[in-house]
Amino acid sequence: MSRELDAAGIIEPALRASYTRCREINAAHGRTYFLATRLLPPERRPAIHALYGLARYADDIVDGLSDTRPWPQRLAELDTLTQQLRKGLAQSRSEHPVLAAPVHTAVCYQIDPRHFADFMVSMRMDRPVEQGGVADYRTFDELGRYMHGSAAVIGLQVLPVLGTVVPRQQAEPHAAALGVAFQITNFLRDVGEDLDRGRVYLPAEELASFGVDRELLRWCRDTGRPDPRVRRALAYLVARTRAVYRRAAPGIPMLASTSRACVATAFRLYGGILDEIEAAGYHVLARRVAVPPRRRLTVALPGLSRALLARAVR
């Protein structure tokens with residue numbers, strides 16, 4: 001980590017500590033994402049860790065299953081975090097042990113502050129219904145409004161760090177689409193865990209067309225038994241998610257040469273989660289599927305060769 005921080009020119013001790021904490025959050029909770037970042041040049045990795053650290057830190061306030069604090073207390077913490085983030089971005093500096101790194105990254109890479117504001121709006125939508133939150137989404141359009149802040153803007157935040165060989169505006173729709181593809185993949189993988197949190201992110205109208213509702217999903221989760229209606233619905237949603245990946249794919253060649261291997265590897269690894277869902281017969285409510293470590297390495301090693309070549313050429 002010190003080598004990466006030195007390469008990025010991050011010298012101040014408190015700022016280094018914040019970047020280190022964000023990296024630890026990434027390594028602990030985002031294995032696929034973290035593995036892909038190893039393919040970036042060392043000087044760019046801390047910024048990616050910082051952006052992931054912020055996203056996960058905020059998400060854990062509203063999603064942490066082990067957090068037993070009353071919801072008003074958790075929402076107050078989220079509101080305080082939002083205010084501290086807004087203040088930090090306005091002043092180009094934060095003293096918060098986690099926020100210091102993403103604020104520094106936003107300043108260094110001139111990331112639009114609106115992307116962070118939109119993200120925090122979506123985080124607040126995840127509060128319980130009795131606290132004014134959203135537990136179900138009727139259509140993909142409704143879900144899309146949530147995913148703009150929770151996923152699309154993540155792609156837009158990361159894009160300036162990765163760099164492009166075309167005008168950034170040309171690559172932005174593809175970066176946003178990739179963020180959405182990753183998140184829908186997570187929704188499909190984590191449908192059981194989200195149900196335990198009281199939420200169903202999969203659009204109700206799409207599920208209903210296959211005879212699936214929240215009660216049936218709950219039955220599958222509680223009994224550990226599959227249902228052919230759920231299987232057909234998830235198969236349809238996996239196919240639809242693959243279409244989102246196809247919309248995102250043209251953006252990879254638009255990235256800086258030293259960043260392509262990282263994003264291409266993440267693209268394949270997250271797509272591999274869909275493969276594992278299919279291989280499990282779409283029986284994901286009773287267990288969490290994952291890309292096996294051996295396959296992750298098989299995907300990552302060619303990316304490492306391409307990344308090293310790109311750095312040598314640079």
# chains A, B, ... in the order shown; residues from 1 in each chain; ligands from 1
>>> residues_around(residues="Pro46 (chain A)", least_positions_apart="2", cutoff="8 Å", atoms="only C-alpha atoms", output="NGL selection string")
:A and (4-5 or 8 or 19 or 23 or 42-44 or 48-50)
>>> select_by_dssp(residues="region 87-267 of chain A", states="strand (DSSP E or B)", output="JSON, numbers by chain")
{"A": [136, 164, 200, 255]}
>>> atom_distance(atom1="CA of Val161 (chain A)", atom2="CA of Pro250 (chain A)")
18.2 Å
>>> closest_residue(among="A:Cys22, A:Thr223, A:Val165, A:Ala90", to="Arg114 (chain A)", atoms="only C-alpha atoms")
A:Ala90
>>> closest_residue(among="A:Glu77, A:Val62, A:Ala175, A:Lys87", to="Gly133 (chain A)", atoms="only C-alpha atoms")
A:Val62
>>> residues_around(residues="Thr80 (chain A)", least_positions_apart="2", cutoff="12 Å", atoms="only C-alpha atoms", output="list of chain:residue names")
A:Ala58, A:Ile61, A:Gln73, A:Arg74, A:Leu75, A:Ala76, A:Glu77, A:Leu78, A:Thr82, A:Gln83, A:Gln84, A:Leu85, A:Arg86, A:Lys87, A:His96, A:Leu99, A:Met120, A:Arg124
>>> write_last_selection(atoms="C-alpha atoms", output="short mmCIF file (atom, residue, chain, number, x, y, z; two decimals), in the first residue's frame")
data_model
loop_
_atom_site.label_atom_id
_atom_site.label_comp_id
_atom_site.auth_asym_id
_atom_site.auth_seq_id
_atom_site.Cartn_x
_atom_site.Cartn_y
_atom_site.Cartn_z
CA ALA A 58 -22.34 4.54 3.39
CA ILE A 61 -24.97 2.24 7.52
CA GLN A 73 -29.82 6.66 14.87
CA ARG A 74 -28.54 5.05 11.68
CA LEU A 75 -30.32 7.62 9.49
CA ALA A 76 -28.89 10.43 11.59
CA GLU A 77 -25.43 9.00 10.95
CA LEU A 78 -26.15 8.84 7.21
CA THR A 82 -23.88 13.39 3.74
CA GLN A 83 -23.31 16.81 5.28
CA GLN A 84 -19.65 16.05 5.97
CA LEU A 85 -19.17 14.85 2.39
CA ARG A 86 -20.85 17.95 0.96
CA LYS A 87 -18.72 20.19 3.17
CA HIS A 96 -13.17 12.44 8.40
CA LEU A 99 -14.12 10.73 3.68
CA MET A 120 -26.24 9.66 -1.09
CA ARG A 124 -31.30 7.17 1.84
#
>>> select_by_dssp(residues="region 16-56 of chain A", states="alpha helix (DSSP H)", output="PyMOL selection string")
chain A and resi 16-29+31-37+45-56
>>> closest_atom_pairs(of="region 118-196 of chain A", to="region 229-236 of chain A", cutoff="12 Å", atoms="only C-alpha atoms", output="tab-separated table")
residue	atom	partner	partner_atom	distance
A:Ile184	CA	A:Leu234	CA	11.4
A:Thr185	CA	A:Leu234	CA	10.9
A:Phe187	CA	A:Leu234	CA	10.7
A:Leu188	CA	A:Leu234	CA	7.4
A:Arg189	CA	A:Leu234	CA	10.1
A:Val191	CA	A:Leu234	CA	10.1
>>> write_last_selection(atoms="C-alpha atoms", output="compact mmCIF listing (two decimals), in the first residue's frame")
# COMPACT_ATOMS: atom_id res chain seq x y z
CA ILE A 184 -28.18 -5.80 -11.24
CA THR A 185 -25.78 -8.74 -11.09
CA PHE A 187 -29.28 -7.92 -7.03
CA LEU A 188 -29.63 -11.32 -8.71
CA ARG A 189 -26.89 -12.90 -6.61
CA VAL A 191 -31.86 -11.62 -3.75
>>> decode(residues="region 123-148 of chain A", atoms="N, CA and C atoms", output="PDB file, in the first residue's frame")
ATOM      1  N   MET A 123     -28.759   6.095  -1.300  1.00  0.00           N
ATOM      2  CA  MET A 123     -28.513   5.409  -0.036  1.00  0.00           C
ATOM      3  C   MET A 123     -29.668   5.653   0.940  1.00  0.00           C
ATOM      4  N   ARG A 124     -30.187   6.854   0.943  1.00  0.00           N
ATOM      5  CA  ARG A 124     -31.297   7.171   1.843  1.00  0.00           C
ATOM      6  C   ARG A 124     -32.567   6.436   1.437  1.00  0.00           C
ATOM      7  N   MET A 125     -32.721   6.096   0.164  1.00  0.00           N
ATOM      8  CA  MET A 125     -33.887   5.340  -0.296  1.00  0.00           C
ATOM      9  C   MET A 125     -33.916   3.937   0.298  1.00  0.00           C
ATOM     10  N   ASP A 126     -32.772   3.446   0.767  1.00  0.00           N
ATOM     11  CA  ASP A 126     -32.691   2.092   1.310  1.00  0.00           C
ATOM     12  C   ASP A 126     -33.165   1.985   2.754  1.00  0.00           C
ATOM     13  N   ARG A 127     -33.598   3.083   3.335  1.00  0.00           N
ATOM     14  CA  ARG A 127     -34.119   3.002   4.705  1.00  0.00           C
ATOM     15  C   ARG A 127     -35.454   2.247   4.695  1.00  0.00           C
ATOM     16  N   PRO A 128     -35.897   1.723   5.835  1.00  0.00           N
ATOM     17  CA  PRO A 128     -37.141   0.950   5.886  1.00  0.00           C
ATOM     18  C   PRO A 128     -38.355   1.779   5.453  1.00  0.00           C
ATOM     19  N   VAL A 129     -39.398   1.075   5.019  1.00  0.00           N
ATOM     20  CA  VAL A 129     -40.622   1.748   4.572  1.00  0.00           C
ATOM     21  C   VAL A 129     -41.191   2.633   5.674  1.00  0.00           C
ATOM     22  N   GLU A 130     -41.167   2.138   6.905  1.00  0.00           N
ATOM     23  CA  GLU A 130     -41.731   2.918   8.008  1.00  0.00           C
ATOM     24  C   GLU A 130     -40.919   4.182   8.274  1.00  0.00           C
ATOM     25  N   GLN A 131     -39.692   4.247   7.725  1.00  0.00           N
ATOM     26  CA  GLN A 131     -38.875   5.452   7.847  1.00  0.00           C
ATOM     27  C   GLN A 131     -38.906   6.272   6.554  1.00  0.00           C
ATOM     28  N   GLY A 132     -39.834   5.911   5.647  1.00  0.00           N
ATOM     29  CA  GLY A 132     -39.964   6.648   4.394  1.00  0.00           C
ATOM     30  C   GLY A 132     -39.166   6.081   3.249  1.00  0.00           C
ATOM     31  N   GLY A 133     -38.600   4.877   3.404  1.00  0.00           N
ATOM     32  CA  GLY A 133     -37.787   4.274   2.355  1.00  0.00           C
ATOM     33  C   GLY A 133     -38.608   3.475   1.359  1.00  0.00           C
ATOM     34  N   VAL A 134     -37.900   2.776   0.465  1.00  0.00           N
ATOM     35  CA  VAL A 134     -38.536   1.996  -0.600  1.00  0.00           C
ATOM     36  C   VAL A 134     -38.143   0.533  -0.430  1.00  0.00           C
ATOM     37  N   ALA A 135     -39.111  -0.355  -0.380  1.00  0.00           N
ATOM     38  CA  ALA A 135     -38.838  -1.778  -0.198  1.00  0.00           C
ATOM     39  C   ALA A 135     -39.058  -2.585  -1.469  1.00  0.00           C
ATOM     40  N   ASP A 136     -39.801  -2.044  -2.412  1.00  0.00           N
ATOM     41  CA  ASP A 136     -40.102  -2.741  -3.658  1.00  0.00           C
ATOM     42  C   ASP A 136     -40.089  -1.742  -4.810  1.00  0.00           C
ATOM     43  N   TYR A 137     -39.793  -2.240  -5.992  1.00  0.00           N
ATOM     44  CA  TYR A 137     -39.821  -1.425  -7.202  1.00  0.00           C
ATOM     45  C   TYR A 137     -40.755  -2.090  -8.199  1.00  0.00           C
ATOM     46  N   ARG A 138     -41.710  -1.315  -8.685  1.00  0.00           N
ATOM     47  CA  ARG A 138     -42.747  -1.885  -9.536  1.00  0.00           C
ATOM     48  C   ARG A 138     -42.227  -2.188 -10.940  1.00  0.00           C
ATOM     49  N   THR A 139     -41.437  -1.291 -11.497  1.00  0.00           N
ATOM     50  CA  THR A 139     -40.966  -1.436 -12.877  1.00  0.00           C
ATOM     51  C   THR A 139     -39.468  -1.180 -12.947  1.00  0.00           C
ATOM     52  N   PHE A 140     -38.887  -1.489 -14.104  1.00  0.00           N
ATOM     53  CA  PHE A 140     -37.476  -1.188 -14.317  1.00  0.00           C
ATOM     54  C   PHE A 140     -37.227   0.312 -14.337  1.00  0.00           C
ATOM     55  N   ASP A 141     -38.215   1.087 -14.771  1.00  0.00           N
ATOM     56  CA  ASP A 141     -38.052   2.536 -14.756  1.00  0.00           C
ATOM     57  C   ASP A 141     -37.907   3.051 -13.321  1.00  0.00           C
ATOM     58  N   GLU A 142     -38.739   2.533 -12.410  1.00  0.00           N
ATOM     59  CA  GLU A 142     -38.625   2.930 -11.011  1.00  0.00           C
ATOM     60  C   GLU A 142     -37.279   2.500 -10.437  1.00  0.00           C
ATOM     61  N   LEU A 143     -36.869   1.272 -10.740  1.00  0.00           N
ATOM     62  CA  LEU A 143     -35.580   0.791 -10.259  1.00  0.00           C
ATOM     63  C   LEU A 143     -34.443   1.614 -10.850  1.00  0.00           C
ATOM     64  N   GLY A 144     -34.612   2.030 -12.106  1.00  0.00           N
ATOM     65  CA  GLY A 144     -33.580   2.819 -12.761  1.00  0.00           C
ATOM     66  C   GLY A 144     -33.299   4.124 -12.062  1.00  0.00           C
ATOM     67  N   ARG A 145     -34.332   4.728 -11.493  1.00  0.00           N
ATOM     68  CA  ARG A 145     -34.118   5.986 -10.766  1.00  0.00           C
ATOM     69  C   ARG A 145     -33.256   5.754  -9.529  1.00  0.00           C
ATOM     70  N   TYR A 146     -33.460   4.614  -8.878  1.00  0.00           N
ATOM     71  CA  TYR A 146     -32.610   4.260  -7.743  1.00  0.00           C
ATOM     72  C   TYR A 146     -31.188   3.946  -8.210  1.00  0.00           C
ATOM     73  N   MET A 147     -31.071   3.168  -9.289  1.00  0.00           N
ATOM     74  CA  MET A 147     -29.758   2.728  -9.743  1.00  0.00           C
ATOM     75  C   MET A 147     -28.926   3.865 -10.325  1.00  0.00           C
ATOM     76  N   HIS A 148     -29.568   4.927 -10.758  1.00  0.00           N
ATOM     77  CA  HIS A 148     -28.767   6.061 -11.228  1.00  0.00           C
ATOM     78  C   HIS A 148     -27.817   6.508 -10.129  1.00  0.00           C
TER      79      HIS A 148
END
